[in-house]
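Below is the file input-v4.cif, which contains mmCIF, C-alpha atoms and all ligand atoms; chains and numbers go by the auth columns.
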data_run
loop_
_atom_site.group_PDB
_atom_site.id
_atom_site.type_symbol
_atom_site.label_atom_id
_atom_site.label_comp_id
_atom_site.label_asym_id
_atom_site.label_seq_id
_atom_site.Cartn_x
_atom_site.Cartn_y
_atom_site.Cartn_z
_atom_site.B_iso_or_equiv
_atom_site.auth_seq_id
_atom_site.auth_asym_id
ATOM 1 C CA MET A 1 0.000 0.000 0.000 0.00 1 G
ATOM 2 C CA ASP A 2 1.257 3.483 -0.850 0.00 2 G
ATOM 3 C CA ASN A 3 1.715 5.311 2.443 0.00 3 G
ATOM 4 C CA GLY A 4 2.585 8.627 0.799 0.00 4 G
ATOM 5 C CA GLY A 5 6.211 8.455 1.883 0.00 5 G
ATOM 6 C CA PHE A 6 5.535 8.225 5.598 0.00 6 G
ATOM 7 C CA VAL A 7 7.443 5.432 7.274 0.00 7 G
ATOM 8 C CA ASP A 8 4.747 4.682 9.841 0.00 8 G
ATOM 9 C CA LEU A 9 1.145 5.769 9.273 0.00 9 G
ATOM 10 C CA SER A 10 0.453 5.679 13.023 0.00 10 G
ATOM 11 C CA HIS A 11 2.627 8.808 13.285 0.00 11 G
ATOM 12 C CA PHE A 12 1.183 10.501 10.205 0.00 12 G
ATOM 13 C CA GLY A 13 -0.523 13.381 12.064 0.00 13 G
ATOM 14 C CA ALA A 14 2.431 14.082 14.354 0.00 14 G
ATOM 15 C CA GLU A 15 4.915 14.050 11.461 0.00 15 G
ATOM 16 C CA LEU A 16 2.722 16.309 9.362 0.00 16 G
ATOM 17 C CA MET A 17 2.293 18.845 12.166 0.00 17 G
ATOM 18 C CA LEU A 18 5.982 18.745 12.986 0.00 18 G
ATOM 19 C CA ALA A 19 6.949 19.240 9.334 0.00 19 G
ATOM 20 C CA LYS A 20 4.564 22.201 9.035 0.00 20 G
ATOM 21 C CA THR A 21 5.993 23.829 12.200 0.00 21 G
ATOM 22 C CA LEU A 22 9.589 23.300 11.047 0.00 22 G
ATOM 23 C CA PHE A 23 8.818 24.810 7.634 0.00 23 G
ATOM 24 C CA ASP A 24 7.168 27.804 9.328 0.00 24 G
ATOM 25 C CA TYR A 25 10.464 28.409 11.143 0.00 25 G
ATOM 26 C CA GLY A 26 12.370 28.306 7.857 0.00 26 G
ATOM 27 C CA ALA A 27 13.646 24.728 7.872 0.00 27 G
ATOM 28 C CA ARG A 28 14.839 23.340 4.548 0.00 28 G
ATOM 29 C CA THR A 29 13.472 20.048 3.210 0.00 29 G
ATOM 30 C CA PRO A 30 16.584 17.914 4.056 0.00 30 G
ATOM 31 C CA VAL A 31 16.325 19.098 7.684 0.00 31 G
ATOM 32 C CA VAL A 32 12.584 18.384 7.848 0.00 32 G
ATOM 33 C CA SER A 33 13.150 15.009 6.236 0.00 33 G
ATOM 34 C CA ALA A 34 15.764 14.085 8.865 0.00 34 G
ATOM 35 C CA LEU A 35 13.789 15.403 11.846 0.00 35 G
ATOM 36 C CA CYS A 36 10.439 13.901 10.832 0.00 36 G
ATOM 37 C CA GLY A 37 11.789 10.604 9.555 0.00 37 G
ATOM 38 C CA ILE A 38 10.069 11.089 6.200 0.00 38 G
ATOM 39 C CA LYS A 39 11.382 10.885 2.656 0.00 39 G
ATOM 40 C CA ARG A 40 12.793 14.026 1.023 0.00 40 G
ATOM 41 C CA LYS A 41 10.095 13.781 -1.675 0.00 41 G
ATOM 42 C CA THR A 42 7.361 13.729 0.969 0.00 42 G
ATOM 43 C CA ALA A 43 8.886 16.725 2.741 0.00 43 G
ATOM 44 C CA THR A 44 8.902 18.608 -0.573 0.00 44 G
ATOM 45 C CA ARG A 45 5.213 17.801 -1.133 0.00 45 G
ATOM 46 C CA ILE A 46 4.302 19.039 2.356 0.00 46 G
ATOM 47 C CA TYR A 47 6.291 22.229 1.740 0.00 47 G
ATOM 48 C CA ARG A 48 4.472 22.881 -1.536 0.00 48 G
ATOM 49 C CA LEU A 49 1.093 22.351 0.152 0.00 49 G
ATOM 50 C CA ALA A 50 1.890 24.415 3.256 0.00 50 G
ATOM 51 C CA GLN A 51 3.824 27.286 1.672 0.00 51 G
ATOM 52 C CA GLU A 52 2.231 27.226 -1.795 0.00 52 G
ATOM 53 C CA GLN A 53 5.617 27.496 -3.507 0.00 53 G
ATOM 54 C CA ALA A 54 8.597 25.344 -4.381 0.00 54 G
ATOM 55 C CA PRO A 55 11.201 24.815 -1.631 0.00 55 G
ATOM 56 C CA ILE A 56 14.661 26.389 -1.837 0.00 56 G
ATOM 57 C CA LYS A 57 17.126 24.131 -3.613 0.00 57 G
ATOM 58 C CA GLY A 58 20.875 23.729 -3.238 0.00 58 G
ATOM 59 C CA MET A 59 23.263 22.906 -0.455 0.00 59 G
ATOM 60 C CA LEU A 60 22.554 23.831 3.141 0.00 60 G
ATOM 61 C CA PRO A 61 24.859 26.525 4.544 0.00 61 G
ATOM 62 C CA TRP A 62 27.650 24.645 6.296 0.00 62 G
ATOM 63 C CA ASP A 63 30.413 26.176 8.388 0.00 63 G
ATOM 64 C CA PRO A 64 32.089 23.896 10.958 0.00 64 G
ATOM 65 C CA HIS A 65 33.785 26.951 12.538 0.00 65 G
ATOM 66 C CA TRP A 66 30.649 29.086 12.868 0.00 66 G
ATOM 67 C CA ILE A 67 30.746 29.238 16.695 0.00 67 G
ATOM 68 C CA SER A 68 34.320 30.559 16.604 0.00 68 G
ATOM 69 C CA ARG A 69 33.638 33.362 14.146 0.00 69 G
ATOM 70 C CA SER A 70 32.142 35.834 16.642 0.00 70 G
ATOM 71 C CA THR A 71 31.103 36.259 20.251 0.00 71 G
ATOM 72 C CA ILE A 72 27.476 36.626 19.191 0.00 72 G
ATOM 73 C CA ASN A 73 27.591 33.364 17.245 0.00 73 G
ATOM 74 C CA ASN A 74 29.026 31.564 20.258 0.00 74 G
ATOM 75 C CA LEU A 75 26.502 33.155 22.601 0.00 75 G
ATOM 76 C CA HIS A 76 23.482 32.130 20.517 0.00 76 G
ATOM 77 C CA ALA A 77 24.830 28.645 19.838 0.00 77 G
ATOM 78 C CA SER A 78 25.505 28.213 23.574 0.00 78 G
ATOM 79 C CA ILE A 79 21.932 29.256 24.459 0.00 79 G
ATOM 80 C CA PHE A 80 20.430 26.839 21.948 0.00 80 G
ATOM 81 C CA LEU A 81 22.713 23.860 22.560 0.00 81 G
ATOM 82 C CA GLY A 82 22.319 24.420 26.304 0.00 82 G
ATOM 83 C CA LEU A 83 18.604 23.752 25.785 0.00 83 G
ATOM 84 C CA ILE A 84 19.445 20.731 23.650 0.00 84 G
ATOM 85 C CA GLN A 85 21.741 19.408 26.364 0.00 85 G
ATOM 86 C CA ASP A 86 19.151 19.953 29.104 0.00 86 G
ATOM 87 C CA TYR A 87 15.947 18.935 27.363 0.00 87 G
ATOM 88 C CA VAL A 88 16.730 16.636 24.433 0.00 88 G
ATOM 89 C CA SER A 89 17.382 13.033 25.314 0.00 89 G
ATOM 90 C CA GLY A 90 20.452 11.522 23.706 0.00 90 G
ATOM 91 C CA ARG A 91 18.391 8.382 23.136 0.00 91 G
ATOM 92 C CA ALA A 92 15.563 10.167 21.300 0.00 92 G
ATOM 93 C CA ASN A 93 15.091 9.376 17.646 0.00 93 G
ATOM 94 C CA GLY A 94 12.518 9.724 14.889 0.00 94 G
ATOM 95 C CA THR A 95 9.587 12.035 15.585 0.00 95 G
ATOM 96 C CA GLU A 96 10.482 12.216 19.291 0.00 96 G
ATOM 97 C CA LEU A 97 13.867 13.762 18.437 0.00 97 G
ATOM 98 C CA GLY A 98 12.193 16.079 15.933 0.00 98 G
ATOM 99 C CA LEU A 99 9.643 17.296 18.496 0.00 99 G
ATOM 100 C CA GLN A 100 12.273 17.846 21.175 0.00 100 G
ATOM 101 C CA PHE A 101 14.517 19.703 18.718 0.00 101 G
ATOM 102 C CA CYS A 102 11.589 21.838 17.574 0.00 102 G
ATOM 103 C CA ASN A 103 10.602 22.689 21.177 0.00 103 G
ATOM 104 C CA ALA A 104 14.203 23.628 22.000 0.00 104 G
ATOM 105 C CA TYR A 105 14.380 25.906 18.946 0.00 105 G
ATOM 106 C CA MET A 106 11.038 27.551 19.788 0.00 106 G
ATOM 107 C CA LEU A 107 12.305 28.179 23.328 0.00 107 G
ATOM 108 C CA TYR A 108 15.544 29.659 21.937 0.00 108 G
ATOM 109 C CA CYS A 109 13.472 31.984 19.717 0.00 109 G
ATOM 110 C CA SER A 110 11.395 33.066 22.704 0.00 110 G
ATOM 111 C CA ILE A 111 14.501 33.768 24.816 0.00 111 G
ATOM 112 C CA VAL A 112 16.353 35.863 22.216 0.00 112 G
ATOM 113 C CA ALA A 113 13.202 37.732 21.167 0.00 113 G
ATOM 114 C CA HIS A 114 12.999 39.156 24.709 0.00 114 G
ATOM 115 C CA ASN A 115 16.572 40.449 24.705 0.00 115 G
ATOM 116 C CA PRO A 116 16.119 43.993 26.110 0.00 116 G
ATOM 117 C CA LYS A 117 19.412 45.274 24.698 0.00 117 G
ATOM 118 C CA PRO A 118 20.223 43.592 21.391 0.00 118 G
ATOM 119 C CA CYS A 119 23.536 44.572 19.830 0.00 119 G
ATOM 120 C CA SER A 120 23.512 46.016 16.308 0.00 120 G
ATOM 121 C CA ARG A 121 24.151 42.632 14.730 0.00 121 G
ATOM 122 C CA GLU A 122 21.328 40.937 16.653 0.00 122 G
ATOM 123 C CA ALA A 123 19.006 43.806 15.796 0.00 123 G
ATOM 124 C CA GLY A 124 19.647 43.033 12.133 0.00 124 G
ATOM 125 C CA PHE A 125 17.914 39.660 12.430 0.00 125 G
ATOM 126 C CA GLU A 126 14.162 39.137 12.652 0.00 126 G
ATOM 127 C CA HIS A 127 13.288 38.736 16.360 0.00 127 G
ATOM 128 C CA HIS A 128 17.094 38.792 17.054 0.00 128 G
ATOM 129 C CA ARG A 129 17.226 35.215 15.756 0.00 129 G
ATOM 130 C CA VAL A 130 20.911 35.006 14.817 0.00 130 G
ATOM 131 C CA LEU A 131 20.798 31.209 14.774 0.00 131 G
ATOM 132 C CA ASP A 132 18.855 29.980 11.757 0.00 132 G
ATOM 133 C CA ILE A 133 16.967 26.696 12.309 0.00 133 G
ATOM 134 C CA ASN A 134 18.997 24.910 9.623 0.00 134 G
ATOM 135 C CA ARG A 135 22.262 25.890 11.277 0.00 135 G
ATOM 136 C CA ALA A 136 20.740 24.937 14.632 0.00 136 G
ATOM 137 C CA TRP A 137 20.237 21.432 13.254 0.00 137 G
ATOM 138 C CA GLN A 138 23.808 21.271 11.984 0.00 138 G
ATOM 139 C CA LEU A 139 25.161 22.452 15.337 0.00 139 G
ATOM 140 C CA THR A 140 23.031 19.813 17.069 0.00 140 G
ATOM 141 C CA ARG A 141 24.596 17.139 14.893 0.00 141 G
ATOM 142 C CA GLN A 142 28.089 18.480 15.654 0.00 142 G
ATOM 143 C CA PHE A 143 27.234 18.500 19.357 0.00 143 G
ATOM 144 C CA HIS A 144 25.882 14.947 19.364 0.00 144 G
ATOM 145 C CA ALA A 145 28.961 13.833 17.420 0.00 145 G
ATOM 146 C CA SER A 146 31.089 15.401 20.225 0.00 146 G
ATOM 147 C CA ALA A 147 32.654 17.885 17.800 0.00 147 G
ATOM 148 C CA LEU A 148 31.555 20.655 20.201 0.00 148 G
ATOM 149 C CA HIS A 149 31.837 20.727 23.997 0.00 149 G
ATOM 150 C CA PHE A 150 30.569 22.889 26.808 0.00 150 G
ATOM 151 C CA VAL A 151 33.079 24.286 29.294 0.00 151 G
ATOM 152 C CA MET A 152 32.528 26.504 32.321 0.00 152 G
ATOM 153 C CA CYS A 153 33.732 30.122 32.305 0.00 153 G
ATOM 154 C CA LEU A 154 35.835 30.783 35.404 0.00 154 G
ATOM 155 C CA CYS A 155 34.732 34.444 35.486 0.00 155 G
ATOM 156 C CA CYS A 156 30.947 34.331 35.094 0.00 156 G
ATOM 157 C CA GLN A 157 30.329 30.591 35.645 0.00 157 G
ATOM 158 C CA SER A 158 28.301 30.332 32.442 0.00 158 G
ATOM 159 C CA ARG A 159 28.788 27.424 30.078 0.00 159 G
ATOM 160 C CA PHE A 160 29.998 28.114 26.581 0.00 160 G
ATOM 161 C CA LEU A 161 30.926 26.094 23.531 0.00 161 G
ATOM 162 C CA ILE A 162 34.363 25.266 22.236 0.00 162 G
ATOM 163 C CA PRO A 163 35.396 22.971 19.379 0.00 163 G
ATOM 164 C CA ARG A 164 36.635 19.539 20.444 0.00 164 G
ATOM 165 C CA GLN A 165 40.224 20.237 19.456 0.00 165 G
ATOM 166 C CA GLU A 166 40.494 23.323 21.662 0.00 166 G
ATOM 167 C CA ASP A 167 41.762 23.321 25.226 0.00 167 G
ATOM 168 C CA GLN A 168 38.890 22.311 27.518 0.00 168 G
ATOM 169 C CA GLN A 169 40.452 24.306 30.340 0.00 169 G
ATOM 170 C CA ALA A 170 39.725 27.585 28.515 0.00 170 G
ATOM 171 C CA ALA A 171 39.376 30.085 31.334 0.00 171 G
ATOM 172 C CA ARG A 172 37.005 32.694 29.966 0.00 172 G
ATOM 173 C CA CYS A 173 33.930 32.701 27.747 0.00 173 G
ATOM 174 C CA PRO A 174 33.973 34.997 24.679 0.00 174 G
ATOM 175 C CA VAL A 175 31.869 37.632 26.476 0.00 175 G
ATOM 176 C CA CYS A 176 34.324 37.832 29.407 0.00 176 G
ATOM 177 C CA GLU A 177 37.221 37.763 26.931 0.00 177 G
ATOM 178 C CA ASN A 178 35.723 40.769 25.177 0.00 178 G
ATOM 179 C CA LYS A 179 35.199 42.600 28.450 0.00 179 G
ATOM 180 C CA THR A 180 38.832 41.967 29.369 0.00 180 G
ATOM 181 C CA GLY A 181 39.950 43.152 25.950 0.00 181 G
ATOM 182 C CA SER A 182 37.787 46.245 26.235 0.00 182 G
ATOM 183 C CA VAL A 183 39.232 47.187 29.636 0.00 183 G
ATOM 184 C CA ALA A 184 42.752 46.541 28.386 0.00 184 G
ATOM 185 C CA ARG A 185 42.150 48.662 25.302 0.00 185 G
ATOM 186 C CA GLN A 186 40.763 51.566 27.327 0.00 186 G
ATOM 187 C CA HIS A 187 43.786 51.327 29.594 0.00 187 G
ATOM 188 C CA ARG A 188 46.161 51.388 26.636 0.00 188 G
ATOM 189 C CA ILE A 189 44.319 54.277 24.972 0.00 189 G
ATOM 190 C CA SER A 190 44.648 56.339 28.162 0.00 190 G
ATOM 191 C CA ARG A 191 48.455 56.007 27.994 0.00 191 G
ATOM 192 C CA PRO A 192 50.767 57.975 25.656 0.00 192 G
ATOM 193 C CA PHE A 193 50.951 56.566 22.146 0.00 193 G
ATOM 194 C CA SER A 194 54.625 55.674 22.492 0.00 194 G
ATOM 195 C CA GLN A 195 53.801 53.300 25.338 0.00 195 G
ATOM 196 C CA ASN A 196 51.249 51.548 23.141 0.00 196 G
ATOM 197 C CA ALA A 197 53.612 51.065 20.220 0.00 197 G
ATOM 198 C CA GLY A 198 54.255 47.461 19.344 0.00 198 G
ATOM 199 C CA LYS A 199 51.316 46.194 21.352 0.00 199 G
ATOM 200 C CA THR A 200 48.400 44.503 19.663 0.00 200 G
ATOM 201 C CA LEU A 201 44.883 44.043 20.863 0.00 201 G
ATOM 202 C CA THR A 202 44.380 40.342 21.254 0.00 202 G
ATOM 203 C CA ILE A 203 40.613 40.635 21.266 0.00 203 G
ATOM 204 C CA CYS A 204 39.031 42.010 18.108 0.00 204 G
ATOM 205 C CA LEU A 205 35.954 43.827 19.330 0.00 205 G
ATOM 206 C CA ASP A 206 34.847 44.455 15.766 0.00 206 G
ATOM 207 C CA ARG A 207 33.801 40.818 15.669 0.00 207 G
ATOM 208 C CA PHE A 208 31.416 41.266 18.585 0.00 208 G
HETATM 209 ZN ZN ZN B . 32.238 34.441 31.192 0.00 301 G
#
What is this structure when it is put down as structure tokens?
Amino acid sequence: MDNGGFVDLSHFGAELMLAKTLFDYGARTPVVSALCGIKRKTATRIYRLAQEQAPIKGMLPWDPHWISRSTINNLHASIFLGLIQDYVSGRANGTELGLQFCNAYMLYCSIVAHNPKPCSREAGFEHHRVLDINRAWQLTRQFHASALHFVMCLCCQSRFLIPRQEDQQAARCPVCENKTGSVARQHRISRPFSQNAGKTLTICLDRF
């Protein structure tokens, strides 16, 4: 019997609702296919029905170093993957994993949308949502594959992400690093130029 591409018809309603929600948040068909446990073709059909247009084609944006590119990236990834670590079971699979992932992403969106003082970069994203749902899925896969780790900041006691190959004893999170750099820079600026010669600012605040 043709089941329309759904693996198990007993989960038809849940998979359909989940797929619709994921598409509403901007998920691409390969991501929906993986999270709902449905075929890519079925995900495409649901997208066409729900959005009344063809889905975006091409490769998903992939950057294994995304969390290291800026403090804001690391901050948003740490918020989201913190929710994944706390609320998504490592044993979950199929629709259960998809639902838990979706709930974690919705919670992330709610948290960042209530940021009272977004920086200029965050303000440039709709609802301050720097972390796109497709990248959130890729980061989740990196995290579950142990390519990313949480470590504790010795200054503010918050957890933040570092790539597996980096030193797990990293003392400060990117936010505290930036604060330190900012204080150091102000101190250097207040001194005569000659005393600053030859010194370089180790923290690039332009990346913040
Ligand atoms: Zn810190």
With the cut-off set at 8 Å and counting only C-alpha atoms, tabulate each residue of region 92-122 of chain G with an atom at most that distance from an atom of region 11-18 of chain G, showing the nearest atom pair and its distance in Å to one decimal, ordered by chain and increasing number, as JSON lines.
{"residue": "G:Thr95", "atom": "CA", "partner": "G:Glu15", "partner_atom": "CA", "distance": 6.5}
{"residue": "G:Gly98", "atom": "CA", "partner": "G:Leu18", "partner_atom": "CA", "distance": 7.4}
{"residue": "G:Leu99", "atom": "CA", "partner": "G:Leu18", "partner_atom": "CA", "distance": 6.8}
{"residue": "G:Cys102", "atom": "CA", "partner": "G:Leu18", "partner_atom": "CA", "distance": 7.9}
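With distances restricted to all atoms listed in the file, G:Thr71 is the closest residue to Cys176 (chain G) from G:Phe80, G:Gly90, G:Thr71, G:Val112.
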Worksheet item: Just so the selection is clear, what residues does the PyMOL selection byres (((chain G and resi 21) around 12) and not hetatm) cover here, as a ChimeraX atom specification?
Response: /G:14-20,22-28,32,35-36,46-47,50-51,98-99,101-103,105-106,133
Keeping C-alpha atoms for every residue in the selection just given, could you write it to a file as a compact mmCIF listing (two decimals), in the coordinates of the input?
# COMPACT_ATOMS: atom_id res chain seq x y z
CA ALA G 14 2.43 14.08 14.35
CA GLU G 15 4.92 14.05 11.46
CA LEU G 16 2.72 16.31 9.36
CA MET G 17 2.29 18.84 12.17
CA LEU G 18 5.98 18.74 12.99
CA ALA G 19 6.95 19.24 9.33
CA LYS G 20 4.56 22.20 9.04
CA LEU G 22 9.59 23.30 11.05
CA PHE G 23 8.82 24.81 7.63
CA ASP G 24 7.17 27.80 9.33
CA TYR G 25 10.46 28.41 11.14
CA GLY G 26 12.37 28.31 7.86
CA ALA G 27 13.65 24.73 7.87
CA ARG G 28 14.84 23.34 4.55
CA VAL G 32 12.58 18.38 7.85
CA LEU G 35 13.79 15.40 11.85
CA CYS G 36 10.44 13.90 10.83
CA ILE G 46 4.30 19.04 2.36
CA TYR G 47 6.29 22.23 1.74
CA ALA G 50 1.89 24.42 3.26
CA GLN G 51 3.82 27.29 1.67
CA GLY G 98 12.19 16.08 15.93
CA LEU G 99 9.64 17.30 18.50
CA PHE G 101 14.52 19.70 18.72
CA CYS G 102 11.59 21.84 17.57
CA ASN G 103 10.60 22.69 21.18
CA TYR G 105 14.38 25.91 18.95
CA MET G 106 11.04 27.55 19.79
CA ILE G 133 16.97 26.70 12.31
Any chance you could tabulate, as a tab-separated table, the residues of chain G at most 10 Å from ligand ZN 301 (chain G) with each one's nearest atom pair and distance in Å to one decimal, using only C-alpha atoms and all ligand atoms, in chain and rising number order?
residue	atom	partner	partner_atom	distance
G:Met152	CA	G:ZN301	ZN	8.0
G:Cys153	CA	G:ZN301	ZN	4.7
G:Leu154	CA	G:ZN301	ZN	6.6
G:Cys155	CA	G:ZN301	ZN	5.0
G:Cys156	CA	G:ZN301	ZN	4.1
G:Gln157	CA	G:ZN301	ZN	6.2
G:Ser158	CA	G:ZN301	ZN	5.8
G:Arg159	CA	G:ZN301	ZN	7.9
G:Phe160	CA	G:ZN301	ZN	8.1
G:Ala171	CA	G:ZN301	ZN	8.4
G:Arg172	CA	G:ZN301	ZN	5.2
G:Cys173	CA	G:ZN301	ZN	4.2
G:Pro174	CA	G:ZN301	ZN	6.8
G:Val175	CA	G:ZN301	ZN	5.7
G:Cys176	CA	G:ZN301	ZN	4.4
G:Glu177	CA	G:ZN301	ZN	7.3
G:Asn178	CA	G:ZN301	ZN	9.4
G:Lys179	CA	G:ZN301	ZN	9.1
Discussion item. Please compute the CA of Asp132 (chain G)-CA of His144 (chain G) distance, one decimal, in Å.
Written reply: 18.3 Å
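In this structure, CA of Ile162 (chain G) sits 17.2 Å away from CA of Trp137 (chain G).
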Discussion item. For a test of reading the model, state the distance in Å between CA of Gly94 (chain G) and CA of Ile38 (chain G), rounded to one decimal.
Written reply: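 CA of Ile38 (chain G) lies at a distance of 9.1 Å from CA of Gly94 (chain G).
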Discussion item. Distance cut-off 6 Å, centre (15.7, 41.3, 16.9) in file coordinates, counting only C-alpha atoms: which residues qualify? Return them as a ChimeraX atom specification.
Written reply: /G:122-123,125-128
Worksheet item: Which one of G:Leu81, G:Ala54, G:Leu161, G:Ile72 sits closest to Arg141 (chain G) if you count all atoms listed in the file?
Response: G:Leu81
Discussion item. With only C-alpha atoms as the counted atoms, please give the residues lying no more than 10 Å from Trp62 (chain G), apart from itself and same-chain residues fewer than 5 positions off, as a ChimeraX atom specification.
Written reply: /G:134-135,138-139
Worksheet item: Smallest atom-to-atom distance to Thr29 (chain G): which of G:Glu52, G:Val88, G:Gly58, G:Thr180, using all atoms listed in the file?
Response: G:Gly58
Where's the centre, and what are the edge lengths in Å to one decimal, of a box along x, y and z enclosing all listed atoms of region 65-77 of chain G padded 4 Å per side, as AutoDock Vina command-line options?
--center_x 28.9 --center_y 31.8 --center_z 17.6 --size_x 18.8 --size_y 17.7 --size_z 18.1
Worksheet entry | Residue nearest Ile67 (chain G) - candidates G:Arg121, G:Pro55, G:Tyr87, G:Ile79, atoms counted: all atoms listed in the file | G:Ile79
Would you kindly place N, CA and C atoms on region 98-120 of chain G and return the model as a tab-separated table (two decimals), keeping the file's coordinate frame?
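Okay, part16.tsv is ready:
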chain	number	residue	atom	x	y	z
G	98	GLY	N	12.65	14.91	16.68
G	98	GLY	CA	12.19	16.08	15.93
G	98	GLY	C	11.39	17.02	16.81
G	99	LEU	N	10.48	16.47	17.62
G	99	LEU	CA	9.64	17.30	18.50
G	99	LEU	C	10.49	17.99	19.55
G	100	GLN	N	11.42	17.25	20.14
G	100	GLN	CA	12.27	17.85	21.18
G	100	GLN	C	13.15	18.94	20.59
G	101	PHE	N	13.71	18.69	19.39
G	101	PHE	CA	14.52	19.70	18.72
G	101	PHE	C	13.68	20.94	18.44
G	102	CYS	N	12.48	20.72	17.93
G	102	CYS	CA	11.59	21.84	17.57
G	102	CYS	C	11.24	22.66	18.82
G	103	ASN	N	10.92	21.98	19.93
G	103	ASN	CA	10.60	22.69	21.18
G	103	ASN	C	11.80	23.49	21.68
G	104	ALA	N	12.99	22.92	21.57
G	104	ALA	CA	14.20	23.63	22.00
G	104	ALA	C	14.41	24.87	21.14
G	105	TYR	N	14.18	24.75	19.83
G	105	TYR	CA	14.38	25.91	18.95
G	105	TYR	C	13.34	26.99	19.23
G	106	MET	N	12.09	26.58	19.47
G	106	MET	CA	11.04	27.55	19.79
G	106	MET	C	11.37	28.29	21.09
G	107	LEU	N	11.92	27.56	22.05
G	107	LEU	CA	12.30	28.18	23.33
G	107	LEU	C	13.47	29.15	23.11
G	108	TYR	N	14.43	28.76	22.28
G	108	TYR	CA	15.54	29.66	21.94
G	108	TYR	C	15.00	30.95	21.32
G	109	CYS	N	14.06	30.80	20.38
G	109	CYS	CA	13.47	31.98	19.72
G	109	CYS	C	12.79	32.89	20.73
G	110	SER	N	12.10	32.28	21.68
G	110	SER	CA	11.40	33.07	22.70
G	110	SER	C	12.40	33.81	23.59
G	111	ILE	N	13.48	33.15	23.95
G	111	ILE	CA	14.50	33.77	24.82
G	111	ILE	C	15.15	34.97	24.12
G	112	VAL	N	15.62	34.78	22.89
G	112	VAL	CA	16.35	35.86	22.22
G	112	VAL	C	15.42	37.00	21.79
G	113	ALA	N	14.15	36.68	21.56
G	113	ALA	CA	13.20	37.73	21.17
G	113	ALA	C	12.97	38.72	22.30
G	114	HIS	N	13.21	38.29	23.55
G	114	HIS	CA	13.00	39.16	24.71
G	114	HIS	C	14.29	39.82	25.19
G	115	ASN	N	15.32	39.77	24.35
G	115	ASN	CA	16.57	40.45	24.70
G	115	ASN	C	16.32	41.96	24.79
G	116	PRO	N	16.44	42.56	25.98
G	116	PRO	CA	16.12	43.99	26.11
G	116	PRO	C	17.14	44.92	25.46
G	117	LYS	N	18.38	44.42	25.29
G	117	LYS	CA	19.41	45.27	24.70
G	117	LYS	C	20.17	44.53	23.61
G	118	PRO	N	19.51	44.29	22.47
G	118	PRO	CA	20.22	43.59	21.39
G	118	PRO	C	21.34	44.46	20.82
G	119	CYS	N	22.46	43.83	20.47
G	119	CYS	CA	23.54	44.57	19.83
G	119	CYS	C	23.12	44.84	18.38
G	120	SER	N	23.91	45.63	17.67
G	120	SER	CA	23.51	46.02	16.31
G	120	SER	C	23.37	44.81	15.39
